[in-house]
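S.K.: After the structure tokens below, expect a handful of questions from me.
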Amino acid sequence: MYCIVVIFFCIFAEIKKQLEYMEKGKPNVENISSQMRKGILEYCVLNILEHNDAYSSDIIVRLKEAKIIVVEGTLYPLLTRLKNQGYLSYHWEESSQGPPRKYYNITEDGKLLLIELEITWNELIAGIGNLKNIK
């Protein structure tokens, strides 16, 4: 739950900063969009790993296919943090194309976190939907 609070605090802090910037001029839409993607990255990674173990490069490919662009420099610290928090684990598999590969998988605690994030995600979607429908 702490992870969720930190994620949304960071998102809202960035949005607040961008709103202050907007008062002075144009908003930096690219930066806001980037911060929104970063805020849901844990949720996306856990969703990917919910069904199958995956190699980090496979995770990046899946994220890019979903238009959630991420670079290795963003993903590796996230995977390490989720592993250290007990939400992911990994195992090594031999590769026919080089050295063994580290495959990540979701733990039971990770599955519980994913359920909590799913609830939060649905609440956010509903809340935003309500805001958009205010007349």
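Here's how to read the names in the structure tokens: chain A, B, ... by the order shown, residue numbers from 1 in each chain, ligand numbers from 1 in the order shown.
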Do a neighbour search on Ile60 of chain A at 8 Å with only C-alpha atoms, toss out local chain neighbours closer than 3 positions, and write the hits as a count of residues only.

M.R.: 9

S.K.: Would you return as a PyMOL selection string the members of chain A that DSSP assigns to strand (DSSP E) on this structure's backbone?

M.R.: chain A and resi 54-55+88-95+98-106

S.K.: Which is closest to Glu42 of chain A among A:Gly110, A:Gly127, A:Gly98, A:Gly73, if we use only C-alpha atoms?

M.R.: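 For Glu42 of chain A, the nearest of the candidates is A:Gly110.
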
S.K.: Mind checking which residues fall within 9 Å of Asn52 of chain A, counting only C-alpha atoms, ignoring those fewer than 6 positions away in the same chain, and posting them as number ranges by chain?

M.R.: A: 104-106

S.K.: Please save N, CA and C atoms of the selected residues as a PDB file, in the first residue's frame.

M.R.:
```pdb
ATOM      1  N   TYR A 104      11.906 -13.000 -14.429  1.00  0.00           N
ATOM      2  CA  TYR A 104      11.174 -12.514 -13.269  1.00  0.00           C
ATOM      3  C   TYR A 104       9.800 -13.164 -13.200  1.00  0.00           C
ATOM      4  N   ASN A 105       9.326 -13.376 -11.977  1.00  0.00           N
ATOM      5  CA  ASN A 105       7.971 -13.860 -11.771  1.00  0.00           C
ATOM      6  C   ASN A 105       7.369 -13.164 -10.557  1.00  0.00           C
ATOM      7  N   ILE A 106       6.059 -13.096 -10.545  1.00  0.00           N
ATOM      8  CA  ILE A 106       5.330 -12.416  -9.475  1.00  0.00           C
ATOM      9  C   ILE A 106       5.188 -13.369  -8.283  1.00  0.00           C
TER      10      ILE A 106
END
```

S.K.: Identify, on the basis of only C-alpha atoms, every residue whose closest approach to Glu118 of chain A does not exceed 10 Å; exclude the query and any residue fewer than 6 positions from it along the same chain; express the result as a list in words.

M.R.: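 After dropping sequence-adjacent residues, the list is Tyr43, Asn47, Leu112 and Leu124 of chain A.
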
S.K.: Excluding Lys111 of chain A and residues on its chain fewer than 3 positions from it, collect all residues at most 10 Å away from it, counting only C-alpha atoms, and give them as a PyMOL selection string.

M.R.: chain A and resi 46-47+49-50+87-88+106-108+114-117
